[in-house]
>>> print(open('run-v2.cif').read())   # mmCIF, C-alpha atoms
data_run
#
loop_
_atom_site.label_atom_id
_atom_site.label_comp_id
_atom_site.auth_asym_id
_atom_site.auth_seq_id
_atom_site.Cartn_x
_atom_site.Cartn_y
_atom_site.Cartn_z
CA ARG R 1 91.62 85.01 141.25
CA ARG R 2 90.82 88.23 139.48
CA ASP R 3 88.65 86.85 136.67
CA ARG R 4 87.60 83.65 134.92
CA TRP R 5 90.86 83.24 132.98
CA HIS R 6 93.63 84.07 135.47
CA GLY R 7 94.41 82.65 138.86
CA ARG R 8 97.07 81.43 141.24
CA ILE R 9 98.47 77.94 141.71
CA TRP R 10 98.60 76.89 145.34
CA ARG R 11 100.60 74.06 146.87
CA VAL R 12 98.54 72.63 149.71
CA ALA R 13 100.25 70.64 152.48
CA TRP R 14 99.33 69.32 155.91
CA LYS R 15 100.15 71.85 158.66
CA ASP R 16 103.40 71.03 160.48
CA ALA R 17 103.90 67.94 158.29
CA PRO R 18 107.49 67.25 157.25
CA PRO R 19 108.12 67.81 153.52
CA LYS R 20 107.98 64.64 151.48
CA VAL R 21 111.32 63.62 150.05
CA ARG R 22 111.20 62.82 146.35
CA GLN R 23 113.50 60.02 145.35
CA ASP R 24 115.27 59.76 142.00
CA LEU R 25 113.22 56.99 140.41
CA THR R 26 115.68 56.57 137.56
CA GLN R 27 118.03 54.98 140.12
CA VAL R 28 115.39 52.58 141.51
CA ASP R 29 115.37 48.87 140.67
CA THR R 30 112.75 47.75 138.13
CA ASN R 31 111.02 45.42 140.60
CA GLU R 32 110.68 48.27 143.11
CA LEU R 33 109.28 50.55 140.42
CA VAL R 34 106.68 47.93 139.53
CA GLU R 35 105.63 47.81 143.19
CA LEU R 36 105.14 51.59 143.11
CA LEU R 37 102.31 51.09 140.61
CA GLU R 38 100.20 50.23 143.68
CA SER R 39 101.20 53.39 145.56
CA ASP R 40 98.46 55.59 147.05
CA ASP R 41 100.42 58.60 145.76
CA ARG R 42 99.34 59.33 142.20
CA TYR R 43 102.56 61.25 141.53
CA GLU R 44 104.61 58.19 142.45
CA ARG R 45 102.45 55.92 140.29
CA ASP R 46 102.67 58.19 137.26
CA GLN R 47 106.41 58.79 137.58
CA ALA R 48 107.15 55.10 138.16
CA ARG R 49 105.18 54.23 135.02
CA ARG R 50 107.08 56.91 133.08
CA VAL R 51 110.47 55.50 134.12
CA LEU R 52 109.38 51.91 133.43
CA THR R 53 108.19 52.94 129.97
CA GLU R 54 111.60 54.45 129.24
CA ARG R 55 113.23 51.12 130.14
CA GLY R 56 111.28 49.50 127.31
CA THR R 57 111.15 45.77 126.78
CA ALA R 58 113.63 45.18 129.62
CA ILE R 59 110.71 45.35 132.08
CA ARG R 60 108.71 42.50 130.51
CA THR R 61 109.97 39.79 132.86
CA ALA R 62 109.30 41.90 135.95
CA LEU R 63 105.80 42.72 134.70
CA ARG R 64 105.04 39.09 133.89
CA ASP R 65 106.11 37.93 137.35
CA TRP R 66 104.21 40.73 139.06
CA MET R 67 101.00 39.97 137.17
CA GLN R 68 100.91 36.46 138.65
CA GLN R 69 99.77 38.02 141.94
CA PRO R 70 96.11 39.07 142.48
CA LYS R 71 95.59 42.75 141.61
CA ASP R 72 92.65 45.15 141.63
CA ASP R 73 91.43 46.65 138.36
CA GLN R 74 93.12 50.01 138.95
CA THR R 75 96.50 48.33 139.30
CA LYS R 76 95.81 46.09 136.31
CA LEU R 77 95.14 49.23 134.27
CA GLN R 78 98.59 50.55 135.18
CA VAL R 79 100.03 47.29 133.83
CA LEU R 80 97.92 47.48 130.67
CA TRP R 81 99.24 50.97 129.94
CA LEU R 82 102.79 49.68 130.38
CA CYS R 83 102.05 46.78 128.04
CA GLN R 84 100.78 49.27 125.48
CA ALA R 85 103.81 51.54 125.88
CA THR R 86 106.29 48.67 125.52
CA GLU R 87 104.47 46.98 122.61
CA THR R 88 103.64 43.93 124.73
CA PRO R 89 100.06 42.90 123.90
CA VAL R 90 98.31 40.93 126.65
CA THR R 91 94.80 40.37 125.34
CA GLY R 92 93.71 38.39 128.40
CA LEU R 93 94.42 41.37 130.63
CA LEU R 94 92.65 43.66 128.16
CA ASP R 95 89.54 41.47 128.17
CA ASP R 96 89.46 41.47 131.98
CA LEU R 97 89.49 45.27 132.09
CA LEU R 98 86.90 45.64 129.33
CA GLN R 99 84.53 43.91 131.77
CA SER R 100 85.52 45.95 134.83
CA GLU R 101 82.73 47.25 137.07
CA ASP R 102 84.34 50.72 136.92
CA HIS R 103 83.24 52.54 133.76
CA ARG R 104 86.42 54.66 133.80
CA ILE R 105 88.56 51.54 133.56
CA ARG R 106 86.35 50.09 130.81
CA ALA R 107 86.72 53.35 128.86
CA ALA R 108 90.51 53.35 129.26
CA ALA R 109 90.70 49.71 128.16
CA THR R 110 88.51 50.49 125.15
CA ARG R 111 91.02 53.09 124.02
CA VAL R 112 93.80 50.49 124.26
CA LEU R 113 91.69 48.05 122.24
CA GLY R 114 91.32 50.71 119.56
CA CYS R 115 95.11 51.14 119.38
CA TRP R 116 95.87 47.42 119.32
CA ALA R 117 93.26 46.81 116.60
CA ASP R 118 94.45 49.74 114.46
CA PRO R 119 94.87 48.38 110.91
CA HIS R 120 97.65 50.90 110.26
CA LYS R 121 99.82 49.37 112.99
CA LEU R 122 102.98 47.83 111.52
CA PRO R 123 103.84 45.12 110.78
CA GLN R 124 100.30 44.13 111.79
CA PRO R 125 97.73 44.96 114.46
CA TYR R 126 97.82 42.96 117.69
CA VAL R 127 94.05 42.43 117.54
CA ASP R 128 92.37 41.45 114.25
CA PHE R 129 89.29 43.61 113.70
CA HIS R 130 87.94 41.16 111.11
CA ASN R 131 87.78 38.44 113.74
CA LEU R 132 84.18 37.95 114.87
CA SER R 133 85.20 37.95 118.54
CA THR R 134 86.80 41.39 118.11
CA GLN R 135 83.70 42.75 116.41
CA GLN R 136 81.63 41.34 119.26
CA ARG R 137 83.87 43.19 121.71
CA PHE R 138 83.19 46.47 119.91
CA LYS R 139 79.47 45.72 119.68
CA SER R 140 79.29 45.23 123.45
CA LEU R 141 81.28 48.41 124.10
CA VAL R 142 79.12 50.54 121.79
CA GLN R 143 76.13 49.28 123.79
CA ASP R 144 77.78 49.80 127.18
CA ALA R 145 75.69 51.20 130.01
CA HIS R 146 77.97 54.23 130.40
CA PRO R 147 78.24 56.95 127.71
CA ARG R 148 81.97 57.45 128.24
CA VAL R 149 82.65 53.85 127.23
CA ARG R 150 80.34 54.17 124.23
CA LEU R 151 82.17 57.33 123.15
CA GLU R 152 85.58 55.61 123.27
CA ALA R 153 84.22 52.67 121.25
CA VAL R 154 82.68 54.93 118.60
CA ARG R 155 85.96 56.80 118.09
CA ALA R 156 87.99 53.59 118.06
CA LEU R 157 85.85 52.28 115.20
CA ALA R 158 86.86 55.27 113.07
CA ARG R 159 90.23 53.58 112.50
CA HIS R 160 88.58 50.81 110.44
CA PRO R 161 87.44 51.89 106.96
CA SER R 162 84.71 49.29 106.54
CA LEU R 163 80.94 49.08 106.42
CA ILE R 164 80.79 46.85 109.52
CA ALA R 165 82.69 49.47 111.53
CA ALA R 166 80.25 52.15 110.37
CA GLU R 167 77.26 49.98 111.26
CA LEU R 168 78.67 49.27 114.71
CA ALA R 169 79.31 52.97 115.31
CA LEU R 170 75.80 53.94 114.18
CA SER R 171 74.27 51.41 116.57
CA VAL R 172 75.14 53.84 119.37
CA LEU R 173 71.98 55.69 118.31
CA ASP R 174 69.99 52.91 119.98
CA HIS R 175 71.03 54.42 123.32
CA PRO R 176 70.64 57.88 124.89
CA MET R 177 72.86 60.48 123.23
CA ASP R 178 74.52 63.63 124.51
CA ARG R 179 76.46 66.36 122.71
CA PHE R 180 79.77 64.58 123.23
CA LEU R 181 78.51 61.32 121.74
CA GLU R 182 76.85 63.20 118.89
CA HIS R 183 80.14 64.90 118.04
CA ALA R 184 82.08 61.63 118.32
CA LEU R 185 79.60 59.91 116.00
CA PHE R 186 79.78 62.83 113.53
CA LEU R 187 83.58 62.52 113.38
CA THR R 188 83.48 58.75 113.01
CA VAL R 189 80.86 58.76 110.26
CA ASN R 190 82.90 61.39 108.45
CA ASP R 191 86.01 59.22 108.76
CA LEU R 192 84.08 56.21 107.44
CA ALA R 193 82.21 58.10 104.72
CA ASP R 194 83.85 56.23 101.81
CA PRO R 195 82.65 52.71 102.72
CA LEU R 196 79.25 54.14 103.64
CA ILE R 197 78.90 55.90 100.29
CA GLU R 198 80.02 52.80 98.45
CA ALA R 199 77.35 50.75 100.21
CA LEU R 200 74.62 53.34 99.50
CA GLN R 201 75.35 53.82 95.79
CA PRO R 202 73.58 50.65 94.53
CA ALA R 203 70.45 51.46 96.52
CA LEU R 204 70.38 55.00 95.12
CA GLY R 205 70.97 53.94 91.54
CA GLY R 206 74.50 55.20 90.99
CA ALA R 207 76.95 57.83 92.10
CA LEU R 208 75.84 60.37 94.64
CA PRO R 209 76.05 64.09 93.82
CA ASP R 210 79.43 65.68 94.48
CA GLY R 211 80.91 62.32 95.41
CA GLY R 212 78.39 61.92 98.22
CA ARG R 213 80.49 63.68 100.83
CA ASP R 214 79.29 66.80 102.56
CA ARG R 215 81.67 67.89 105.31
#
>>> encode(input="run-v2.cif", output="structure tokens")
Amino acid sequence: RRDRWHGRIWRVAWKDAPPKVRQDLTQVDTNELVELLESDDRYERDQARRVLTERGTAIRTALRDWMQQPKDDQTKLQVLWLCQATETPVTGLLDDLLQSEDHRIRAAATRVLGCWADPHKLPQPYVDFHNLSTQQRFKSLVQDAHPRVRLEAVRALARHPSLIAAELALSVLDHPMDRFLEHALFLTVNDLADPLIEALQPALGGALPDGGRDR
């Protein structure tokens, strides 16, 4: 490494260990690929998920059968990502992961919730943001104990041009902030500026100067 911007890439392997043989996962049966989602090898997990995604809706039966068995949250997250990739909403699984003890899994599930509740999703979103239970989900996530989960929730709310979404996003200020959360909130408030301005106009006695927006 000669400076802060250039370096070498090293492949590290156990001394005297035989090289690991990589199999062609495109030739592997779907049920075997699903089992690889529990592999200790991250490369195998990621590549198995990639191949399963490319098989599309044909994997739904295998996933459904596999989910009947007890799984840890990390494995459930692999399944959730596949459900997202194949347009197979499973809200029960999503709710389980939103309550995971691992903040990283809660954050990942929050991002999926944001996608499934996206009002621009055609023909319609899988999760209705206007449903009170969905809004309660977002409220809990914005108030989560971990800032990474709060950040994902704040950005997910930016997809919903409504006053309630803006209010939920601003409630993150009730908790400790850092520069990442501050930037996320800035972006979200900017995205939701129109409903915010519309709500403020009556209180301020009319139109705001320059349309009320100041980027």
>>> closest_atom_pairs(input="run-v2.cif", of="range 148-175 of chain R", to="range 78-98 of chain R", cutoff="12 Å", atoms="only C-alpha atoms", output="CSV")
residue,atom,partner,partner_atom,distance
R:Val149,CA,R:Leu98,CA,9.5
R:Arg150,CA,R:Leu98,CA,11.9
R:Glu152,CA,R:Leu98,CA,11.7
R:Ala153,CA,R:Leu98,CA,11.0
>>> resolve_selection(input="run-v2.cif", expression="the PyMOL selection byres ((chain R and resi 140) around 12)", output="JSON, numbers by chain")
{"R": [95, 98, 99, 106, 110, 133, 134, 135, 136, 137, 138, 139, 141, 142, 143, 144, 145, 146, 149, 150, 153, 154, 168, 169, 171, 172]}
>>> residues_around(input="run-v2.cif", residues="Arg50 in chain R", least_positions_apart="5", cutoff="10 Å", atoms="only C-alpha atoms", output="list in words")
Leu25, Thr26, Leu33, Glu44, Arg45, Arg55, Leu82 and Ala85 of chain R
>>> atom_distance(input="run-v2.cif", atom1="CA of Pro176 in chain R", atom2="CA of Arg155 in chain R")
16.8 Å
>>> atom_distance(input="run-v2.cif", atom1="CA of Arg148 in chain R", atom2="CA of Asp41 in chain R")
25.5 Å
>>> residues_around(input="run-v2.cif", residues="range 183-200 of chain R", least_positions_apart="3", cutoff="6 Å", atoms="only C-alpha atoms", output="number ranges by chain")
R: 155, 158, 161-163, 180, 203
>>> closest_residue(input="run-v2.cif", among="R:Pro147, R:Pro123, R:Pro202, R:Gly56", to="Leu173 in chain R", atoms="all atoms listed in the file")
R:Pro147
>>> resolve_selection(input="run-v2.cif", expression="the PyMOL selection byres ((chain R and resi 62) around 10)", output="PDB file with C-alpha atoms, keeping the file's coordinate frame")
ATOM      1  CA  THR R  30     112.750  47.750 138.130  1.00  0.00           C
ATOM      2  CA  ASN R  31     111.020  45.420 140.600  1.00  0.00           C
ATOM      3  CA  GLU R  32     110.680  48.270 143.110  1.00  0.00           C
ATOM      4  CA  LEU R  33     109.280  50.550 140.420  1.00  0.00           C
ATOM      5  CA  VAL R  34     106.680  47.930 139.530  1.00  0.00           C
ATOM      6  CA  ALA R  58     113.630  45.180 129.620  1.00  0.00           C
ATOM      7  CA  ILE R  59     110.710  45.350 132.080  1.00  0.00           C
ATOM      8  CA  ARG R  60     108.710  42.500 130.510  1.00  0.00           C
ATOM      9  CA  THR R  61     109.970  39.790 132.860  1.00  0.00           C
ATOM     10  CA  LEU R  63     105.800  42.720 134.700  1.00  0.00           C
ATOM     11  CA  ARG R  64     105.040  39.090 133.890  1.00  0.00           C
ATOM     12  CA  ASP R  65     106.110  37.930 137.350  1.00  0.00           C
ATOM     13  CA  TRP R  66     104.210  40.730 139.060  1.00  0.00           C
ATOM     14  CA  MET R  67     101.000  39.970 137.170  1.00  0.00           C
TER      15      MET R  67
END
>>> closest_residue(input="run-v2.cif", among="R:Leu37, R:Ala166, R:Leu77, R:Val12", to="Ser100 in chain R", atoms="only C-alpha atoms")
R:Leu77
>>> closest_residue(input="run-v2.cif", among="R:Asp178, R:Asp118, R:Asp73, R:Asp29", to="Arg159 in chain R", atoms="all atoms listed in the file")
R:Asp118
>>> atom_distance(input="run-v2.cif", atom1="CA of Thr53 in chain R", atom2="CA of Asp128 in chain R")
25.1 Å
>>> axis_aligned_box(input="run-v2.cif", around="range 15-32 of chain R", padding_each_side="5 Å", output="AutoDock Vina command-line options")
--center_x 109.1 --center_y 58.6 --center_z 149.0 --size_x 27.9 --size_y 36.4 --size_z 32.9
>>> residues_around(input="run-v2.cif", residues="Tyr43 in chain R", least_positions_apart="4", cutoff="12 Å", atoms="only C-alpha atoms", output="number ranges by chain")
R: 20, 22-23, 25, 36-39, 47-50
>>> resolve_selection(input="run-v2.cif", expression="the PyMOL selection byres ((chain R and resi 119) around 8)", output="PyMOL selection string")
chain R and resi 117-118+120-121+124-125+129+159-160
